[in-house]
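Asker: Here you go, entry.txt (compact mmCIF, C-alpha atoms):
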# COMPACT_ATOMS: atom_id res chain seq x y z
CA MET A 1 4.64 -63.76 -1.03
CA SER A 2 5.45 -64.98 2.50
CA THR A 3 5.82 -62.41 5.29
CA ILE A 4 9.34 -61.91 6.54
CA TYR A 5 9.35 -61.42 10.31
CA THR A 6 12.00 -59.83 12.39
CA VAL A 7 12.93 -61.86 15.42
CA SER A 8 11.44 -59.23 17.71
CA ARG A 9 8.19 -59.19 15.80
CA LEU A 10 8.04 -62.98 15.70
CA ASN A 11 8.59 -63.23 19.43
CA GLN A 12 5.91 -60.59 20.02
CA GLU A 13 3.50 -62.52 17.77
CA ILE A 14 4.23 -65.71 19.73
CA LYS A 15 3.62 -63.85 23.00
CA TRP A 16 0.34 -62.44 21.67
CA LEU A 17 -0.83 -65.87 20.43
CA LEU A 18 -0.12 -67.46 23.80
CA GLU A 19 -1.80 -64.71 25.82
CA SER A 20 -4.85 -64.54 23.54
CA ASN A 21 -5.66 -68.22 24.15
CA PRO A 22 -8.33 -68.28 26.94
CA GLY A 23 -7.22 -71.70 28.08
CA PHE A 24 -3.71 -70.42 28.80
CA ARG A 25 -4.81 -67.51 31.00
CA ASP A 26 -5.54 -69.57 34.15
CA LEU A 27 -4.46 -73.21 34.26
CA PHE A 28 -3.02 -75.78 36.64
CA VAL A 29 0.16 -77.76 35.92
CA ALA A 30 1.40 -80.70 37.99
CA GLY A 31 5.13 -81.38 38.00
CA GLU A 32 8.40 -81.54 39.87
CA ILE A 33 10.47 -78.51 40.80
CA SER A 34 14.00 -78.30 39.42
CA ASN A 35 16.54 -75.54 38.82
CA TYR A 36 14.95 -73.57 41.66
CA LYS A 37 16.60 -70.16 42.16
CA PRO A 38 15.15 -67.57 44.60
CA HIS A 39 16.33 -64.12 43.55
CA PRO A 40 17.28 -61.36 46.05
CA SER A 41 14.53 -59.21 44.53
CA GLY A 42 11.96 -61.69 45.87
CA HIS A 43 11.16 -63.35 42.52
CA HIS A 44 11.36 -67.14 42.22
CA TYR A 45 12.68 -68.84 39.07
CA LEU A 46 12.27 -72.60 38.51
CA THR A 47 11.52 -75.38 36.04
CA LEU A 48 8.53 -77.69 36.17
CA LYS A 49 9.16 -81.13 34.69
CA ASP A 50 7.75 -84.62 34.43
CA GLU A 51 9.05 -87.81 32.82
CA GLY A 52 8.82 -86.46 29.28
CA ALA A 53 9.12 -82.65 29.27
CA ALA A 54 10.01 -79.48 31.13
CA ILE A 55 8.88 -75.82 31.08
CA SER A 56 10.36 -72.70 32.64
CA ALA A 57 8.36 -70.85 35.30
CA VAL A 58 8.64 -67.64 37.28
CA MET A 59 6.74 -66.41 40.37
CA PHE A 60 7.02 -62.70 41.07
CA ARG A 61 7.58 -61.29 44.53
CA SER A 62 3.94 -60.22 45.18
CA ASP A 63 2.68 -63.78 44.62
CA ALA A 64 5.70 -65.45 46.24
CA ALA A 65 4.98 -63.57 49.47
CA LYS A 66 1.75 -65.61 49.83
CA LEU A 67 3.57 -68.98 49.86
CA ARG A 68 3.01 -70.92 53.09
CA PHE A 69 5.94 -73.32 52.56
CA ARG A 70 9.50 -73.24 51.22
CA LEU A 71 10.13 -74.43 47.68
CA GLN A 72 12.73 -77.13 47.15
CA ASN A 73 14.13 -78.98 44.15
CA GLY A 74 12.48 -82.36 43.69
CA MET A 75 9.24 -81.22 45.37
CA LYS A 76 6.11 -82.36 43.54
CA VAL A 77 3.64 -79.51 43.26
CA VAL A 78 0.51 -78.30 41.48
CA ALA A 79 1.11 -74.79 40.11
CA ARG A 80 -1.43 -72.25 38.89
CA GLY A 81 -0.60 -69.56 36.39
CA ARG A 82 -0.75 -68.24 32.83
CA ILE A 83 1.25 -69.16 29.74
CA SER A 84 3.27 -66.45 27.99
CA SER A 85 6.75 -65.89 26.60
CA TYR A 86 9.73 -63.66 27.25
CA PRO A 87 10.18 -61.70 23.98
CA LYS A 88 13.92 -61.08 24.37
CA SER A 89 14.76 -64.78 24.41
CA GLY A 90 11.57 -66.17 22.89
CA GLN A 91 11.33 -68.58 25.81
CA VAL A 92 7.86 -69.90 26.61
CA GLN A 93 7.22 -70.02 30.36
CA ILE A 94 4.54 -70.11 33.03
CA TYR A 95 3.96 -66.99 35.13
CA LEU A 96 2.87 -68.55 38.42
CA SER A 97 0.37 -67.04 40.85
CA GLU A 98 0.03 -69.98 43.26
CA ILE A 99 1.92 -73.20 44.13
CA LEU A 100 0.48 -76.05 46.22
CA PRO A 101 2.16 -79.25 47.35
CA ASP A 102 1.04 -82.21 45.24
CA GLY A 103 -1.75 -84.20 46.86
CA THR A 104 -3.83 -81.09 47.41
CA GLY A 105 -3.97 -80.34 43.72
CA ALA A 106 -7.24 -82.21 43.11
CA LEU A 107 -8.90 -80.53 46.08
CA HIS A 108 -7.68 -77.14 44.97
CA LEU A 109 -9.01 -77.72 41.48
CA ALA A 110 -12.38 -78.73 42.92
CA PHE A 111 -12.31 -75.59 45.09
CA GLU A 112 -11.71 -73.35 42.07
CA GLN A 113 -14.41 -75.03 40.00
CA LEU A 114 -17.01 -74.70 42.77
CA LYS A 115 -15.93 -71.12 43.38
CA GLU A 116 -16.47 -70.20 39.72
CA LYS A 117 -19.86 -71.97 39.68
CA LEU A 118 -21.21 -70.21 42.77
CA ALA A 119 -19.78 -66.86 41.72
CA ALA A 120 -21.60 -67.18 38.38
CA GLU A 121 -24.84 -67.79 40.30
CA GLY A 122 -24.30 -64.57 42.26
CA LEU A 123 -23.85 -66.18 45.69
CA PHE A 124 -20.77 -64.06 46.35
CA ASP A 125 -22.37 -60.74 45.37
CA GLU A 126 -22.15 -58.05 48.00
CA SER A 127 -25.68 -56.92 47.16
CA ARG A 128 -27.22 -60.09 48.60
CA LYS A 129 -25.27 -60.05 51.84
CA LYS A 130 -27.13 -59.07 54.98
CA PRO A 131 -25.93 -56.41 57.44
CA LEU A 132 -24.86 -57.62 60.86
CA PRO A 133 -26.74 -56.39 63.95
CA ASP A 134 -24.91 -53.67 65.85
CA MET A 135 -25.71 -55.15 69.26
CA PRO A 136 -26.88 -58.77 68.91
CA ARG A 137 -28.95 -60.14 71.80
CA SER A 138 -28.35 -63.81 70.97
CA ILE A 139 -25.51 -65.49 69.03
CA ALA A 140 -25.45 -69.08 67.80
CA LEU A 141 -22.04 -70.77 67.45
CA VAL A 142 -22.33 -73.50 64.82
CA THR A 143 -19.11 -75.40 65.45
CA ALA A 144 -17.60 -78.30 67.33
CA GLU A 145 -18.86 -78.49 70.89
CA SER A 146 -15.37 -78.78 72.32
CA GLY A 147 -12.05 -77.31 71.35
CA ALA A 148 -9.97 -74.20 71.72
CA ALA A 149 -11.81 -72.30 68.98
CA VAL A 150 -15.24 -72.40 70.63
CA GLN A 151 -13.77 -71.61 74.06
CA ASP A 152 -11.94 -68.60 72.63
CA MET A 153 -15.13 -67.31 71.06
CA ILE A 154 -17.15 -67.73 74.28
CA ARG A 155 -14.46 -65.97 76.31
CA ILE A 156 -14.11 -63.03 73.93
CA LEU A 157 -17.87 -62.61 73.47
CA GLY A 158 -18.39 -62.62 77.25
CA ARG A 159 -15.63 -60.08 77.79
CA ARG A 160 -16.66 -57.70 75.01
CA TRP A 161 -20.45 -57.88 75.23
CA PRO A 162 -21.84 -59.85 78.20
CA LEU A 163 -25.39 -58.74 77.34
CA ALA A 164 -25.52 -61.21 74.45
CA ARG A 165 -26.68 -64.78 75.01
CA VAL A 166 -24.28 -67.30 73.47
CA ARG A 167 -25.65 -70.67 72.37
CA ILE A 168 -23.52 -73.53 71.08
CA VAL A 169 -25.21 -75.48 68.31
CA PRO A 170 -22.90 -78.49 67.98
CA ALA A 171 -21.91 -79.75 64.53
CA LEU A 172 -19.18 -81.86 62.98
CA VAL A 173 -16.54 -79.67 61.36
CA GLN A 174 -14.22 -82.33 59.94
CA GLY A 175 -14.41 -85.68 58.27
CA GLU A 176 -17.23 -87.71 56.76
CA GLY A 177 -20.69 -86.37 57.56
CA ALA A 178 -19.43 -82.89 58.51
CA PRO A 179 -21.17 -81.03 55.63
CA GLN A 180 -24.52 -82.64 56.47
CA SER A 181 -24.06 -81.88 60.17
CA LEU A 182 -23.27 -78.21 59.44
CA CYS A 183 -26.30 -77.91 57.15
CA ARG A 184 -28.62 -79.38 59.81
CA ALA A 185 -27.27 -77.02 62.48
CA LEU A 186 -27.68 -73.95 60.26
CA ALA A 187 -31.22 -74.99 59.33
CA LEU A 188 -32.09 -75.57 63.02
CA VAL A 189 -30.95 -72.08 64.05
CA ASN A 190 -33.02 -70.52 61.26
CA ARG A 191 -36.05 -72.64 62.10
CA LEU A 192 -35.97 -71.65 65.78
CA GLY A 193 -35.44 -67.99 64.90
CA GLU A 194 -34.19 -67.12 68.40
CA ASP A 195 -30.78 -65.74 67.40
CA ASP A 196 -29.67 -62.49 65.78
CA LEU A 197 -26.34 -63.79 64.44
CA ILE A 198 -24.61 -67.04 63.49
CA ILE A 199 -20.87 -67.70 63.69
CA THR A 200 -19.76 -70.89 61.99
CA GLY A 201 -16.22 -72.19 61.65
CA ARG A 202 -13.38 -74.03 63.32
CA GLY A 203 -9.71 -73.76 64.14
CA GLY A 204 -6.86 -74.17 61.67
CA GLY A 205 -5.77 -77.32 59.87
CA SER A 206 -4.85 -78.73 56.50
CA ILE A 207 -6.94 -78.20 53.42
CA GLU A 208 -8.41 -81.65 54.00
CA ASP A 209 -9.34 -80.71 57.59
CA LEU A 210 -11.14 -77.56 56.40
CA TRP A 211 -12.79 -79.18 53.41
CA ALA A 212 -16.28 -79.37 54.97
CA PHE A 213 -16.47 -75.56 54.61
CA ASN A 214 -15.73 -75.95 50.88
CA ASP A 215 -18.76 -78.20 50.38
CA GLU A 216 -21.45 -76.90 48.02
CA SER A 217 -24.33 -77.88 50.36
CA VAL A 218 -22.78 -75.90 53.24
CA ALA A 219 -22.28 -72.90 50.96
CA ARG A 220 -25.93 -72.99 49.90
CA ALA A 221 -27.12 -73.43 53.50
CA ILE A 222 -25.21 -70.28 54.45
CA ALA A 223 -26.56 -68.41 51.41
CA VAL A 224 -30.24 -69.15 52.24
CA SER A 225 -29.89 -68.33 55.96
CA ARG A 226 -32.27 -65.58 57.02
CA ILE A 227 -29.97 -64.83 59.96
CA PRO A 228 -26.64 -63.11 59.14
CA VAL A 229 -23.66 -65.50 59.12
CA ILE A 230 -20.00 -64.85 59.96
CA SER A 231 -17.58 -67.42 58.56
CA ALA A 232 -14.56 -68.07 60.80
CA VAL A 233 -12.53 -70.96 59.38
CA GLY A 234 -8.89 -71.73 60.18
CA HIS A 235 -6.12 -69.18 60.29
CA GLU A 236 -5.95 -65.86 58.44
CA PRO A 237 -4.41 -67.23 55.19
CA ASP A 238 -7.04 -69.98 54.96
CA VAL A 239 -9.86 -69.15 52.58
CA THR A 240 -12.90 -71.39 52.06
CA ILE A 241 -16.04 -71.27 49.96
CA ALA A 242 -17.96 -70.51 53.15
CA ASP A 243 -15.92 -67.30 53.49
CA TYR A 244 -17.10 -66.09 50.09
CA VAL A 245 -20.78 -66.91 50.71
CA ALA A 246 -21.05 -65.66 54.29
CA ASP A 247 -22.24 -62.16 55.07
CA LEU A 248 -18.85 -61.48 56.68
CA ARG A 249 -15.53 -63.35 56.69
CA ALA A 250 -13.44 -63.34 59.86
CA PRO A 251 -9.75 -64.27 59.70
CA THR A 252 -10.04 -66.58 62.73
CA PRO A 253 -12.74 -67.74 65.21
CA SER A 254 -11.36 -65.26 67.73
CA GLY A 255 -11.53 -62.55 65.11
CA ALA A 256 -15.18 -63.48 64.45
CA ALA A 257 -15.99 -62.93 68.12
CA GLU A 258 -14.27 -59.52 67.94
CA LEU A 259 -16.28 -58.57 64.86
CA ALA A 260 -19.61 -59.95 66.07
CA VAL A 261 -20.16 -57.66 69.06
CA PRO A 262 -19.11 -54.20 70.15
CA ASP A 263 -16.66 -53.66 72.99
CA GLN A 264 -18.62 -52.81 76.15
CA GLU A 265 -15.91 -50.43 77.29
CA GLY A 266 -16.04 -48.62 73.96
CA VAL A 267 -19.83 -48.48 74.15
CA GLN A 268 -19.69 -47.16 77.70
CA GLU A 269 -17.22 -44.48 76.64
CA TRP A 270 -19.41 -43.67 73.66
CA LEU A 271 -22.42 -43.38 75.96
CA ARG A 272 -20.46 -41.11 78.31
CA GLN A 273 -19.44 -38.89 75.43
CA LEU A 274 -23.00 -38.94 74.12
CA GLU A 275 -24.27 -38.02 77.58
CA LEU A 276 -21.86 -35.08 77.72
CA GLN A 277 -22.89 -33.97 74.24
CA LEU A 278 -26.57 -34.27 75.12
CA GLU A 279 -26.05 -32.34 78.35
CA SER A 280 -24.15 -29.61 76.51
CA ARG A 281 -26.78 -29.42 73.78
CA TYR A 282 -29.53 -29.45 76.40
CA LYS A 283 -27.94 -26.51 78.23
CA ARG A 284 -27.44 -24.57 75.01
CA THR A 285 -30.99 -25.32 73.91
CA LEU A 286 -32.36 -24.40 77.33
CA ASP A 287 -30.44 -21.09 77.34
CA ARG A 288 -31.63 -20.35 73.83
CA HIS A 289 -35.24 -21.07 74.76
CA ARG A 290 -34.93 -19.02 77.93
CA GLN A 291 -33.69 -16.04 75.93
CA LYS A 292 -36.46 -16.57 73.42
CA ALA A 293 -39.04 -16.88 76.22
CA SER A 294 -37.79 -13.64 77.81
CA LEU A 295 -38.01 -11.85 74.49
CA LEU A 296 -41.48 -13.24 73.85
CA GLN A 297 -42.55 -12.34 77.37
CA ALA A 298 -41.39 -8.77 76.82
CA ARG A 299 -43.18 -8.65 73.47
CA LEU A 300 -46.29 -10.19 75.02
CA ALA A 301 -46.23 -7.70 77.90
CA ALA A 302 -45.94 -4.87 75.39
CA ARG A 303 -48.86 -6.26 73.40
CA SER A 304 -50.98 -7.60 76.26
CA PRO A 305 -54.60 -6.40 76.62
CA ALA A 306 -53.83 -4.95 80.06
CA HIS A 307 -50.92 -2.94 78.67
CA THR A 308 -52.97 -1.87 75.66
CA LEU A 309 -55.90 -1.02 77.90
CA ALA A 310 -53.67 1.06 80.18
CA GLU A 311 -52.25 2.90 77.18
CA ARG A 312 -55.74 3.46 75.75
CA ARG A 313 -57.04 4.53 79.18
CA GLY A 314 -54.21 7.04 79.49
CA ALA A 315 -54.80 8.32 75.99
CA LEU A 316 -58.53 8.55 76.68
CA GLN A 317 -57.88 10.41 79.92
CA ARG A 318 -55.62 12.88 78.16
CA GLN A 319 -58.17 13.26 75.36
CA SER A 320 -60.94 13.78 77.91
CA GLU A 321 -58.90 16.43 79.66
CA ARG A 322 -58.19 18.19 76.39
CA LEU A 323 -61.85 17.93 75.45
CA GLU A 324 -62.93 19.23 78.86
CA ARG A 325 -60.59 22.21 78.59
CA ALA A 326 -61.74 22.84 75.05
CA MET A 327 -65.37 22.64 76.16
CA GLU A 328 -64.73 25.04 79.04
CA ASN A 329 -62.94 27.44 76.72
CA ARG A 330 -65.69 27.11 74.14
CA LEU A 331 -68.38 27.53 76.79
CA ALA A 332 -66.66 30.60 78.17
CA GLU A 333 -66.43 32.00 74.65
CA ARG A 334 -70.11 31.20 74.06
CA ARG A 335 -71.10 32.70 77.39
CA LEU A 336 -69.23 35.87 76.54
CA ALA A 337 -70.78 35.90 73.09
CA VAL A 338 -74.23 35.21 74.57
CA ASP A 339 -73.79 37.96 77.10
CA LEU A 340 -72.74 40.34 74.35
CA GLN A 341 -75.59 39.12 72.16
CA ALA A 342 -78.04 39.44 75.07
CA ASP A 343 -76.90 42.95 75.71
CA ARG A 344 -77.36 43.79 72.04
CA ILE A 345 -80.70 41.98 71.96
CA GLY A 346 -81.79 43.80 75.15
CA MET A 347 -80.92 47.12 73.67
CA LEU A 348 -82.65 46.28 70.41
CA ALA A 349 -85.63 44.86 72.27
CA ASN A 350 -85.95 47.96 74.36
CA GLN A 351 -85.69 50.07 71.25
CA ARG A 352 -88.20 47.92 69.41
CA LEU A 353 -90.47 47.80 72.47
CA THR A 354 -90.49 51.56 72.66
CA VAL A 355 -91.26 51.84 68.97
CA SER A 356 -93.87 49.12 69.20
CA ARG A 357 -95.44 50.70 72.21
CA GLN A 358 -95.63 54.00 70.34
CA ARG A 359 -97.07 52.25 67.27
CA PHE A 360 -99.48 50.34 69.46
CA GLU A 361 -100.64 53.46 71.13
CA ARG A 362 -101.17 55.12 67.78
CA ALA A 363 -102.93 52.00 66.49
CA VAL A 364 -105.14 51.91 69.56
CA VAL A 365 -106.00 55.51 69.05
CA GLY A 366 -106.68 54.84 65.38
CA LEU A 367 -108.67 51.70 66.08
CA ASP A 368 -110.58 53.40 68.77
CA ALA A 369 -111.39 56.17 66.38
CA MET A 370 -112.49 53.65 63.78
CA SER A 371 -114.22 51.27 66.14
CA PRO A 372 -117.86 50.52 65.28
CA LEU A 373 -118.63 50.76 68.95
CA ARG A 374 -117.63 54.38 68.91
CA VAL A 375 -119.95 54.85 65.85
CA LEU A 376 -122.67 52.88 67.54
CA GLY A 377 -122.22 55.07 70.57
CA ARG A 378 -123.38 57.95 68.49
CA GLY A 379 -126.81 56.27 67.85
CA TYR A 380 -125.97 54.06 64.92
CA ALA A 381 -126.66 50.29 64.69
CA MET A 382 -125.06 47.40 62.69
CA ALA A 383 -127.16 44.68 61.00
CA THR A 384 -125.73 41.25 60.19
CA ARG A 385 -127.17 38.17 58.53
CA ASP A 386 -125.57 34.87 59.32
CA GLY A 387 -122.62 36.77 60.80
CA THR A 388 -122.11 38.94 57.67
CA ALA A 389 -122.68 42.70 57.79
CA VAL A 390 -125.53 43.89 55.61
CA THR A 391 -124.68 47.10 53.79
CA ASP A 392 -127.26 46.96 50.97
CA ALA A 393 -130.96 46.55 51.51
CA ALA A 394 -131.26 45.13 48.04
CA ALA A 395 -129.46 42.02 49.26
CA LEU A 396 -132.31 41.26 51.67
CA GLN A 397 -135.52 39.41 51.19
CA LYS A 398 -138.71 39.55 53.08
CA GLY A 399 -138.59 37.19 56.03
CA ASP A 400 -134.74 37.27 56.43
CA ARG A 401 -133.65 37.16 60.03
CA LEU A 402 -131.18 39.89 61.01
CA ALA A 403 -129.07 40.53 64.12
CA VAL A 404 -128.96 44.20 64.98
CA ARG A 405 -126.05 45.39 67.22
CA PHE A 406 -126.43 48.55 69.21
CA ALA A 407 -123.95 50.43 71.32
CA LYS A 408 -125.34 48.49 74.18
CA GLY A 409 -126.84 45.07 73.41
CA SER A 410 -128.39 43.56 70.26
CA ALA A 411 -131.78 42.44 68.90
CA GLU A 412 -133.06 39.76 66.50
CA CYS A 413 -135.36 41.16 63.74
CA VAL A 414 -137.40 39.78 60.82
CA VAL A 415 -137.49 41.72 57.54
CA GLU A 416 -141.03 42.61 56.68
CA LYS A 417 -140.46 45.34 54.15
CA ILE A 418 -137.50 46.35 52.03
CA LYS A 419 -136.95 49.91 50.87
CA ILE A 420 -134.33 50.65 48.32
CA GLU A 421 -132.97 54.18 47.81
CA GLY A 422 -134.33 55.86 44.73
CA SER A 423 -137.53 53.75 44.68
CA LYS A 424 -140.94 55.06 45.75
Would you mind writing the file out in structure tokens?
Answerer:
Amino acid sequence: MSTIYTVSRLNQEIKWLLESNPGFRDLFVAGEISNYKPHPSGHHYLTLKDEGAAISAVMFRSDAAKLRFRLQNGMKVVARGRISSYPKSGQVQIYLSEILPDGTGALHLAFEQLKEKLAAEGLFDESRKKPLPDMPRSIALVTAESGAAVQDMIRILGRRWPLARVRIVPALVQGEGAPQSLCRALALVNRLGEDDLIITGRGGGSIEDLWAFNDESVARAIAVSRIPVISAVGHEPDVTIADYVADLRAPTPSGAAELAVPDQEGVQEWLRQLELQLESRYKRTLDRHRQKASLLQARLAARSPAHTLAERRGALQRQSERLERAMENRLAERRLAVDLQADRIGMLANQRLTVSRQRFERAVVGLDAMSPLRVLGRGYAMATRDGTAVTDAAALQKGDRLAVRFAKGSAECVVEKIKIEGSK
């Protein structure tokens, strides 16, 4: 059974089919403008037609604001846009994003095709673009040797940053042979390697006048440059392939000179501010270090060997004084104790001496009474043999030599006869 569509659904399906076709999303249509009606809102409504057909078109305000010329009925143009439909009326129409006067359509198509090709190769990627030097010492201007554009750049560069050397590397920027001339100039600057930055471009003109900067060989020469490149082609609305490939796009040659170098007055002011900041930081740092040095000096003085030695010497002196007083007190105590002990010892000694003297006297009397000399004095004698007293005659033998002690003197005798008591 066939599907029955509502009109709304059918128109939505038609819109979806048109917008889902990749070929209808971005295409170029050549034709003549008719039924042109600019709306107060800023939108532009028109019809594009040729000998055999016509199609409605609309350009919304945001895209219409980029137009560089006024649309008129009967004008032959090349329009760029997408195919869709307006669901309420079911009308198929082109939603335009760009309109160019006919005659430039082929160039514009070539521009878009080369742009897509190089973009697919990654030549427009931001990741491959080189940073510009902050303060370039030498700048090469790859442009026409004469003209207002190069003079403007020289003047602005000299005013903003006179420290930079500016070299003109002449090249053709228009007409036959211009792409080859630009490529040779770019290669020469890279081969010499004397410059920090390249500015290439020219003043404004028609798309045909600027076409050398849409050449593929120029784009690749810019891409392989080891030195950063600023592209400065035409006026601000002009966009070339060189702008996409360069490390930086400037809206005009004068704008490139502004972007290439810093403003010396700004740098001088920055240096003055930096000097003030450094001076302020220096003073704060110096004060902080002075305070720290004072604190460390005080700590060092408190912990210095001289200070420690003085403290130890004072402590030693006080200890010595205490020790000396203690020794004097102890010595006085000992002296007193010794005196007391001497007195006691003297008394005891005297007592013991008296007793000893009495005992000695008695012993002398006793010894004297028992002395052999006293016995010998009564007529007795004492015989010894080899220093030993002989008390038993039986211990002697005939011929023994005896020493006989008398009260006065002694005599040496030889035993000739032994007589033992009780024997006959």
Asker: Pick the closest to Ser181 of chain A from A:Ser206, A:Ser41, A:Thr143, A:Thr391: which is it, counting only C-alpha atoms?
Answerer: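 Closest candidate: A:Thr143.
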Asker: Pick from A:Tyr380, A:Phe213, A:Phe360, A:Tyr45: nearest to Gln72 of chain A, with all atoms listed in the file counted?
Answerer: A:Tyr45
Asker: Within 12 Å of Cys413 of chain A, counting all atoms listed in the file, which residues qualify if same-chain residues fewer than 4 places away don't, as JSON, numbers by chain?
Answerer: {"A": [383, 384, 385, 398, 399, 400, 401, 402, 403, 404, 405, 417]}
Asker: Counting only C-alpha atoms, what is within 9 Å of segment 74-85 of chain A, bar same-chain residues fewer than 5 positions away, as a ChimeraX atom specification?
Answerer: /A:11-12,14-19,21,23-34,48,59,90-106,108
Asker: Just write the chosen residues, C-alpha atoms, as a CSV table (one decimal), in the coordinates of the input.
Answerer:
chain,number,residue,atom,x,y,z
A,11,ASN,CA,8.6,-63.2,19.4
A,12,GLN,CA,5.9,-60.6,20.0
A,14,ILE,CA,4.2,-65.7,19.7
A,15,LYS,CA,3.6,-63.8,23.0
A,16,TRP,CA,0.3,-62.4,21.7
A,17,LEU,CA,-0.8,-65.9,20.4
A,18,LEU,CA,-0.1,-67.5,23.8
A,19,GLU,CA,-1.8,-64.7,25.8
A,21,ASN,CA,-5.7,-68.2,24.2
A,23,GLY,CA,-7.2,-71.7,28.1
A,24,PHE,CA,-3.7,-70.4,28.8
A,25,ARG,CA,-4.8,-67.5,31.0
A,26,ASP,CA,-5.5,-69.6,34.2
A,27,LEU,CA,-4.5,-73.2,34.3
A,28,PHE,CA,-3.0,-75.8,36.6
A,29,VAL,CA,0.2,-77.8,35.9
A,30,ALA,CA,1.4,-80.7,38.0
A,31,GLY,CA,5.1,-81.4,38.0
A,32,GLU,CA,8.4,-81.5,39.9
A,33,ILE,CA,10.5,-78.5,40.8
A,34,SER,CA,14.0,-78.3,39.4
A,48,LEU,CA,8.5,-77.7,36.2
A,59,MET,CA,6.7,-66.4,40.4
A,90,GLY,CA,11.6,-66.2,22.9
A,91,GLN,CA,11.3,-68.6,25.8
A,92,VAL,CA,7.9,-69.9,26.6
A,93,GLN,CA,7.2,-70.0,30.4
A,94,ILE,CA,4.5,-70.1,33.0
A,95,TYR,CA,4.0,-67.0,35.1
A,96,LEU,CA,2.9,-68.6,38.4
A,97,SER,CA,0.4,-67.0,40.8
A,98,GLU,CA,0.0,-70.0,43.3
A,99,ILE,CA,1.9,-73.2,44.1
A,100,LEU,CA,0.5,-76.0,46.2
A,101,PRO,CA,2.2,-79.2,47.4
A,102,ASP,CA,1.0,-82.2,45.2
A,103,GLY,CA,-1.8,-84.2,46.9
A,104,THR,CA,-3.8,-81.1,47.4
A,105,GLY,CA,-4.0,-80.3,43.7
A,106,ALA,CA,-7.2,-82.2,43.1
A,108,HIS,CA,-7.7,-77.1,45.0
Asker: Using only C-alpha atoms, find the one residue out of A:Asn73, A:Ile199, A:Asp134, A:Lys408 that sits nearest to Leu248 of chain A.
Answerer: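 So, comparing all the options, the nearest one is A:Ile199.
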Asker: Would you mind reading off the distance between atom CA of Leu118 of chain A and atom CA of Ala223 of chain A, one decimal, in Å?
Answerer: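 Distance reported for this atom pair: 10.3 Å.
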